[in-house]
Amino acid sequence: MESTKTRQDDAVVRQYDGWAQVYDVFWRRYVTQTVPVLQRAANVQPGERVLDVACGTGAFERSAMDGCPDAELVGIDVAPGMVGQARAKLDGVADGQGERADGRDLPVVGAWFD
């Protein structure tokens, strides 16, 4: 039986990979305005495990970990450059991590998230 999962188009991966170094600069206003909204909606609590699919540069993870350091946040993105930026933002944060993965083929089989 053929898998019904489809992976992200390589062109999209290359595009976001190329933007990774400048994404936060070009999209500063958008990120600054949307991360607090996302943080309120997610309402991350101590002890929770949170998965952010298409985490980009990890702005949400960084902000959420600052607001709730007792949570565990995993951000995934298909673009290696975005994951690199997210990892740099989370450097030194014990329970924050960035991983390269496609949101349509999650590498977290058997894992649970709040």
# chains A, B, ... in the order shown; residues from 1 in each chain; ligands from 1
call {"tool": "select_by_dssp", "arguments": {"residues": "range 62-103 of chain A", "states": "strand (DSSP E)", "output": "ChimeraX atom specification"}}
result
/A:72-77,96-100
call {"tool": "residues_around", "arguments": {"residues": "Glu99 in chain A", "least_positions_apart": "4", "cutoff": "10 Å", "atoms": "only C-alpha atoms", "output": "PyMOL selection string"}}
result
chain A and resi 53+55+74-80+82-84+86-87+107
call {"tool": "closest_residue", "arguments": {"among": "A:Leu38, A:Ala11, A:Leu73, A:Ala64", "to": "Ala94 in chain A", "atoms": "only C-alpha atoms"}}
result
A:Leu73
call {"tool": "atom_distance", "arguments": {"atom1": "CA of Leu90 in chain A", "atom2": "CA of Met65 in chain A"}}
result
8.6 Å
call {"tool": "atom_distance", "arguments": {"atom1": "CA of Gly67 in chain A", "atom2": "CA of Asp114 in chain A"}}
result
16.8 Å
call {"tool": "residues_around", "arguments": {"residues": "Gln21 in chain A", "least_positions_apart": "2", "cutoff": "10 Å", "atoms": "only C-alpha atoms", "output": "list in words"}}
result
Tyr16, Asp17, Gly18, Trp19, Tyr23, Asp24, Val25, Phe26, Thr57, Gly81, Met82, Gly84 and Gln85 of chain A
call {"tool": "residues_around", "arguments": {"residues": "Gly47 in chain A", "least_positions_apart": "5", "cutoff": "8 Å", "atoms": "only C-alpha atoms", "output": "list in words"}}
result
Asp70, Ala71 and Glu72 of chain A
call {"tool": "write_last_selection", "arguments": {"atoms": "all heavy atoms", "output": "CSV table (one decimal), in the first residue's frame"}}
result
chain,number,residue,atom,x,y,z
A,70,ASP,N,9.5,26.1,32.9
A,70,ASP,CA,9.3,24.7,33.4
A,70,ASP,C,8.5,23.8,32.4
A,70,ASP,O,8.2,22.7,32.7
A,70,ASP,CB,8.6,24.7,34.7
A,70,ASP,CG,9.4,25.3,35.8
A,70,ASP,OD1,10.7,25.2,35.8
A,70,ASP,OD2,8.8,25.9,36.8
A,71,ALA,N,8.3,24.4,31.2
A,71,ALA,CA,7.7,23.6,30.1
A,71,ALA,C,8.7,23.0,29.2
A,71,ALA,O,9.9,23.4,29.3
A,71,ALA,CB,6.7,24.5,29.3
A,72,GLU,N,8.3,22.1,28.4
A,72,GLU,CA,9.2,21.5,27.4
A,72,GLU,C,8.7,21.9,26.0
A,72,GLU,O,7.5,21.6,25.7
A,72,GLU,CB,9.3,20.0,27.5
A,72,GLU,CG,10.2,19.4,26.4
A,72,GLU,CD,10.3,17.9,26.5
A,72,GLU,OE1,9.8,17.3,27.5
A,72,GLU,OE2,10.9,17.3,25.6
call {"tool": "select_by_dssp", "arguments": {"residues": "chain A", "states": "helix (DSSP H, G or I)", "output": "PDB file with N, CA, C and O atoms, in the first residue's frame"}}
result
ATOM      1  N   ASP A  10      10.398  20.598  -2.262  1.00  0.00           N
ATOM      2  CA  ASP A  10      11.788  21.012  -2.061  1.00  0.00           C
ATOM      3  C   ASP A  10      12.000  22.500  -2.308  1.00  0.00           C
ATOM      4  O   ASP A  10      12.855  23.120  -1.687  1.00  0.00           O
ATOM      5  N   ALA A  11      11.227  23.092  -3.226  1.00  0.00           N
ATOM      6  CA  ALA A  11      11.363  24.527  -3.501  1.00  0.00           C
ATOM      7  C   ALA A  11      11.008  25.351  -2.268  1.00  0.00           C
ATOM      8  O   ALA A  11      11.646  26.370  -1.978  1.00  0.00           O
ATOM      9  N   VAL A  12      10.002  24.920  -1.532  1.00  0.00           N
ATOM     10  CA  VAL A  12       9.604  25.623  -0.310  1.00  0.00           C
ATOM     11  C   VAL A  12      10.704  25.497   0.733  1.00  0.00           C
ATOM     12  O   VAL A  12      11.060  26.471   1.402  1.00  0.00           O
ATOM     13  N   VAL A  13      11.259  24.314   0.868  1.00  0.00           N
ATOM     14  CA  VAL A  13      12.344  24.092   1.820  1.00  0.00           C
ATOM     15  C   VAL A  13      13.519  25.003   1.479  1.00  0.00           C
ATOM     16  O   VAL A  13      14.061  25.690   2.357  1.00  0.00           O
ATOM     17  N   ARG A  14      13.916  25.049   0.215  1.00  0.00           N
ATOM     18  CA  ARG A  14      15.039  25.899  -0.210  1.00  0.00           C
ATOM     19  C   ARG A  14      14.733  27.378   0.043  1.00  0.00           C
ATOM     20  O   ARG A  14      15.595  28.134   0.475  1.00  0.00           O
ATOM     21  N   GLN A  15      13.505  27.795  -0.231  1.00  0.00           N
ATOM     22  CA  GLN A  15      13.124  29.188  -0.048  1.00  0.00           C
ATOM     23  C   GLN A  15      13.267  29.605   1.416  1.00  0.00           C
ATOM     24  O   GLN A  15      13.899  30.617   1.728  1.00  0.00           O
ATOM     25  N   TYR A  16      12.688  28.844   2.317  1.00  0.00           N
ATOM     26  CA  TYR A  16      12.770  29.198   3.734  1.00  0.00           C
ATOM     27  C   TYR A  16      14.176  29.011   4.286  1.00  0.00           C
ATOM     28  O   TYR A  16      14.607  29.748   5.178  1.00  0.00           O
ATOM     29  N   ASP A  17      14.904  28.053   3.757  1.00  0.00           N
ATOM     30  CA  ASP A  17      16.286  27.872   4.164  1.00  0.00           C
ATOM     31  C   ASP A  17      17.091  29.121   3.811  1.00  0.00           C
ATOM     32  O   ASP A  17      17.902  29.599   4.601  1.00  0.00           O
ATOM     33  N   GLY A  18      16.841  29.673   2.635  1.00  0.00           N
ATOM     34  CA  GLY A  18      17.525  30.884   2.211  1.00  0.00           C
ATOM     35  C   GLY A  18      17.152  32.109   3.031  1.00  0.00           C
ATOM     36  O   GLY A  18      17.958  33.015   3.224  1.00  0.00           O
ATOM     37  N   TRP A  19      15.930  32.164   3.502  1.00  0.00           N
ATOM     38  CA  TRP A  19      15.457  33.299   4.294  1.00  0.00           C
ATOM     39  C   TRP A  19      15.882  33.244   5.759  1.00  0.00           C
ATOM     40  O   TRP A  19      15.767  34.234   6.483  1.00  0.00           O
ATOM     41  N   TYR A  23      15.251  36.331   8.185  1.00  0.00           N
ATOM     42  CA  TYR A  23      13.816  36.249   8.448  1.00  0.00           C
ATOM     43  C   TYR A  23      13.390  37.172   9.589  1.00  0.00           C
ATOM     44  O   TYR A  23      12.432  37.932   9.457  1.00  0.00           O
ATOM     45  N   ASP A  24      14.079  37.101  10.704  1.00  0.00           N
ATOM     46  CA  ASP A  24      13.698  37.908  11.866  1.00  0.00           C
ATOM     47  C   ASP A  24      13.836  39.404  11.607  1.00  0.00           C
ATOM     48  O   ASP A  24      13.104  40.205  12.178  1.00  0.00           O
ATOM     49  N   VAL A  25      14.771  39.793  10.760  1.00  0.00           N
ATOM     50  CA  VAL A  25      14.948  41.206  10.425  1.00  0.00           C
ATOM     51  C   VAL A  25      13.809  41.673   9.530  1.00  0.00           C
ATOM     52  O   VAL A  25      13.156  42.681   9.808  1.00  0.00           O
ATOM     53  N   PHE A  26      13.556  40.951   8.450  1.00  0.00           N
ATOM     54  CA  PHE A  26      12.516  41.352   7.495  1.00  0.00           C
ATOM     55  C   PHE A  26      11.109  41.239   8.066  1.00  0.00           C
ATOM     56  O   PHE A  26      10.229  42.006   7.710  1.00  0.00           O
ATOM     57  N   ARG A  28      10.329  41.335  11.396  1.00  0.00           N
ATOM     58  CA  ARG A  28      10.370  41.750  12.802  1.00  0.00           C
ATOM     59  C   ARG A  28       9.003  42.208  13.317  1.00  0.00           C
ATOM     60  O   ARG A  28       8.543  41.778  14.359  1.00  0.00           O
ATOM     61  N   ARG A  29       8.339  43.085  12.571  1.00  0.00           N
ATOM     62  CA  ARG A  29       7.050  43.614  13.027  1.00  0.00           C
ATOM     63  C   ARG A  29       6.019  42.483  13.142  1.00  0.00           C
ATOM     64  O   ARG A  29       5.294  42.395  14.133  1.00  0.00           O
ATOM     65  N   TYR A  30       5.956  41.633  12.138  1.00  0.00           N
ATOM     66  CA  TYR A  30       5.023  40.507  12.152  1.00  0.00           C
ATOM     67  C   TYR A  30       5.300  39.591  13.345  1.00  0.00           C
ATOM     68  O   TYR A  30       4.396  39.237  14.098  1.00  0.00           O
ATOM     69  N   VAL A  31       6.561  39.223  13.520  1.00  0.00           N
ATOM     70  CA  VAL A  31       6.939  38.323  14.606  1.00  0.00           C
ATOM     71  C   VAL A  31       6.649  38.973  15.958  1.00  0.00           C
ATOM     72  O   VAL A  31       6.072  38.347  16.855  1.00  0.00           O
ATOM     73  N   THR A  32       7.009  40.234  16.097  1.00  0.00           N
ATOM     74  CA  THR A  32       6.794  40.954  17.355  1.00  0.00           C
ATOM     75  C   THR A  32       5.316  41.028  17.719  1.00  0.00           C
ATOM     76  O   THR A  32       4.956  40.946  18.892  1.00  0.00           O
ATOM     77  N   GLN A  33       4.456  41.153  16.708  1.00  0.00           N
ATOM     78  CA  GLN A  33       3.023  41.255  16.979  1.00  0.00           C
ATOM     79  C   GLN A  33       2.339  39.907  17.134  1.00  0.00           C
ATOM     80  O   GLN A  33       1.360  39.794  17.868  1.00  0.00           O
ATOM     81  N   THR A  34       2.809  38.889  16.448  1.00  0.00           N
ATOM     82  CA  THR A  34       2.108  37.606  16.488  1.00  0.00           C
ATOM     83  C   THR A  34       2.568  36.669  17.596  1.00  0.00           C
ATOM     84  O   THR A  34       1.766  35.872  18.095  1.00  0.00           O
ATOM     85  N   VAL A  35       3.818  36.725  18.000  1.00  0.00           N
ATOM     86  CA  VAL A  35       4.293  35.813  19.042  1.00  0.00           C
ATOM     87  C   VAL A  35       3.522  35.995  20.347  1.00  0.00           C
ATOM     88  O   VAL A  35       3.095  35.001  20.949  1.00  0.00           O
ATOM     89  N   PRO A  36       3.260  37.233  20.821  1.00  0.00           N
ATOM     90  CA  PRO A  36       2.463  37.360  22.050  1.00  0.00           C
ATOM     91  C   PRO A  36       1.042  36.806  21.898  1.00  0.00           C
ATOM     92  O   PRO A  36       0.503  36.222  22.841  1.00  0.00           O
ATOM     93  N   VAL A  37       0.444  36.967  20.719  1.00  0.00           N
ATOM     94  CA  VAL A  37      -0.898  36.419  20.477  1.00  0.00           C
ATOM     95  C   VAL A  37      -0.844  34.895  20.545  1.00  0.00           C
ATOM     96  O   VAL A  37      -1.684  34.265  21.185  1.00  0.00           O
ATOM     97  N   LEU A  38       0.142  34.311  19.907  1.00  0.00           N
ATOM     98  CA  LEU A  38       0.310  32.856  19.933  1.00  0.00           C
ATOM     99  C   LEU A  38       0.578  32.373  21.355  1.00  0.00           C
ATOM    100  O   LEU A  38       0.025  31.365  21.790  1.00  0.00           O
ATOM    101  N   GLN A  39       1.384  33.129  22.076  1.00  0.00           N
ATOM    102  CA  GLN A  39       1.708  32.732  23.447  1.00  0.00           C
ATOM    103  C   GLN A  39       0.450  32.728  24.321  1.00  0.00           C
ATOM    104  O   GLN A  39       0.243  31.804  25.108  1.00  0.00           O
ATOM    105  N   ARG A  40      -0.396  33.745  24.163  1.00  0.00           N
ATOM    106  CA  ARG A  40      -1.648  33.775  24.945  1.00  0.00           C
ATOM    107  C   ARG A  40      -2.561  32.614  24.540  1.00  0.00           C
ATOM    108  O   ARG A  40      -3.178  31.978  25.386  1.00  0.00           O
ATOM    109  N   ALA A  41      -2.655  32.349  23.248  1.00  0.00           N
ATOM    110  CA  ALA A  41      -3.525  31.269  22.770  1.00  0.00           C
ATOM    111  C   ALA A  41      -3.022  29.902  23.237  1.00  0.00           C
ATOM    112  O   ALA A  41      -3.810  29.051  23.631  1.00  0.00           O
ATOM    113  N   ALA A  42      -1.717  29.702  23.188  1.00  0.00           N
ATOM    114  CA  ALA A  42      -1.143  28.416  23.604  1.00  0.00           C
ATOM    115  C   ALA A  42      -1.234  28.232  25.115  1.00  0.00           C
ATOM    116  O   ALA A  42      -1.387  27.112  25.596  1.00  0.00           O
ATOM    117  N   ALA A  59      11.149  31.894  17.389  1.00  0.00           N
ATOM    118  CA  ALA A  59      10.754  33.071  18.174  1.00  0.00           C
ATOM    119  C   ALA A  59       9.724  32.704  19.238  1.00  0.00           C
ATOM    120  O   ALA A  59       9.808  33.171  20.381  1.00  0.00           O
ATOM    121  N   PHE A  60       8.755  31.869  18.876  1.00  0.00           N
ATOM    122  CA  PHE A  60       7.746  31.462  19.857  1.00  0.00           C
ATOM    123  C   PHE A  60       8.375  30.645  20.977  1.00  0.00           C
ATOM    124  O   PHE A  60       8.106  30.876  22.155  1.00  0.00           O
ATOM    125  N   GLU A  61       9.212  29.699  20.614  1.00  0.00           N
ATOM    126  CA  GLU A  61       9.845  28.848  21.634  1.00  0.00           C
ATOM    127  C   GLU A  61      10.637  29.692  22.622  1.00  0.00           C
ATOM    128  O   GLU A  61      10.548  29.505  23.828  1.00  0.00           O
ATOM    129  N   ARG A  62      11.423  30.617  22.094  1.00  0.00           N
ATOM    130  CA  ARG A  62      12.245  31.472  22.964  1.00  0.00           C
ATOM    131  C   ARG A  62      11.364  32.271  23.913  1.00  0.00           C
ATOM    132  O   ARG A  62      11.612  32.329  25.119  1.00  0.00           O
ATOM    133  N   SER A  63      10.325  32.879  23.384  1.00  0.00           N
ATOM    134  CA  SER A  63       9.429  33.697  24.187  1.00  0.00           C
ATOM    135  C   SER A  63       8.684  32.846  25.217  1.00  0.00           C
ATOM    136  O   SER A  63       8.568  33.215  26.385  1.00  0.00           O
ATOM    137  N   ALA A  64       8.179  31.708  24.791  1.00  0.00           N
ATOM    138  CA  ALA A  64       7.432  30.832  25.696  1.00  0.00           C
ATOM    139  C   ALA A  64       8.332  30.293  26.800  1.00  0.00           C
ATOM    140  O   ALA A  64       7.910  30.187  27.953  1.00  0.00           O
ATOM    141  N   MET A  65       9.568  29.958  26.467  1.00  0.00           N
ATOM    142  CA  MET A  65      10.489  29.440  27.482  1.00  0.00           C
ATOM    143  C   MET A  65      10.863  30.535  28.476  1.00  0.00           C
ATOM    144  O   MET A  65      11.072  30.256  29.648  1.00  0.00           O
ATOM    145  N   ASP A  66      10.935  31.774  28.010  1.00  0.00           N
ATOM    146  CA  ASP A  66      11.189  32.883  28.935  1.00  0.00           C
ATOM    147  C   ASP A  66      10.018  33.039  29.898  1.00  0.00           C
ATOM    148  O   ASP A  66      10.208  33.311  31.074  1.00  0.00           O
ATOM    149  N   GLY A  67       8.788  32.854  29.387  1.00  0.00           N
ATOM    150  CA  GLY A  67       7.591  33.026  30.206  1.00  0.00           C
ATOM    151  C   GLY A  67       7.240  31.820  31.052  1.00  0.00           C
ATOM    152  O   GLY A  67       6.546  31.935  32.059  1.00  0.00           O
ATOM    153  N   PRO A  80      16.502  23.523   7.116  1.00  0.00           N
ATOM    154  CA  PRO A  80      17.635  23.390   8.032  1.00  0.00           C
ATOM    155  C   PRO A  80      18.097  24.734   8.597  1.00  0.00           C
ATOM    156  O   PRO A  80      18.468  24.821   9.769  1.00  0.00           O
ATOM    157  N   GLY A  81      18.058  25.784   7.788  1.00  0.00           N
ATOM    158  CA  GLY A  81      18.479  27.098   8.257  1.00  0.00           C
ATOM    159  C   GLY A  81      17.574  27.631   9.348  1.00  0.00           C
ATOM    160  O   GLY A  81      18.037  28.260  10.303  1.00  0.00           O
ATOM    161  N   MET A  82      16.269  27.402   9.213  1.00  0.00           N
ATOM    162  CA  MET A  82      15.330  27.834  10.247  1.00  0.00           C
ATOM    163  C   MET A  82      15.583  27.083  11.541  1.00  0.00           C
ATOM    164  O   MET A  82      15.590  27.664  12.627  1.00  0.00           O
ATOM    165  N   VAL A  83      15.830  25.793  11.433  1.00  0.00           N
ATOM    166  CA  VAL A  83      16.118  24.985  12.622  1.00  0.00           C
ATOM    167  C   VAL A  83      17.406  25.471  13.273  1.00  0.00           C
ATOM    168  O   VAL A  83      17.494  25.567  14.501  1.00  0.00           O
ATOM    169  N   GLY A  84      18.395  25.822  12.471  1.00  0.00           N
ATOM    170  CA  GLY A  84      19.646  26.353  13.010  1.00  0.00           C
ATOM    171  C   GLY A  84      19.424  27.631  13.798  1.00  0.00           C
ATOM    172  O   GLY A  84      19.992  27.811  14.885  1.00  0.00           O
ATOM    173  N   GLN A  85      18.587  28.521  13.262  1.00  0.00           N
ATOM    174  CA  GLN A  85      18.268  29.762  13.969  1.00  0.00           C
ATOM    175  C   GLN A  85      17.525  29.466  15.275  1.00  0.00           C
ATOM    176  O   GLN A  85      17.801  30.075  16.305  1.00  0.00           O
ATOM    177  N   ALA A  86      16.578  28.536  15.212  1.00  0.00           N
ATOM    178  CA  ALA A  86      15.822  28.172  16.417  1.00  0.00           C
ATOM    179  C   ALA A  86      16.753  27.586  17.474  1.00  0.00           C
ATOM    180  O   ALA A  86      16.664  27.938  18.655  1.00  0.00           O
ATOM    181  N   ARG A  87      17.640  26.719  17.060  1.00  0.00           N
ATOM    182  CA  ARG A  87      18.584  26.120  18.018  1.00  0.00           C
ATOM    183  C   ARG A  87      19.470  27.182  18.652  1.00  0.00           C
ATOM    184  O   ARG A  87      19.763  27.119  19.843  1.00  0.00           O
ATOM    185  N   ALA A  88      19.891  28.165  17.855  1.00  0.00           N
ATOM    186  CA  ALA A  88      20.726  29.239  18.401  1.00  0.00           C
ATOM    187  C   ALA A  88      19.952  30.038  19.443  1.00  0.00           C
ATOM    188  O   ALA A  88      20.507  30.397  20.491  1.00  0.00           O
ATOM    189  N   LYS A  89      18.676  30.310  19.187  1.00  0.00           N
ATOM    190  CA  LYS A  89      17.857  31.044  20.149  1.00  0.00           C
ATOM    191  C   LYS A  89      17.638  30.245  21.426  1.00  0.00           C
ATOM    192  O   LYS A  89      17.462  30.813  22.498  1.00  0.00           O
TER     193      LYS A  89
END
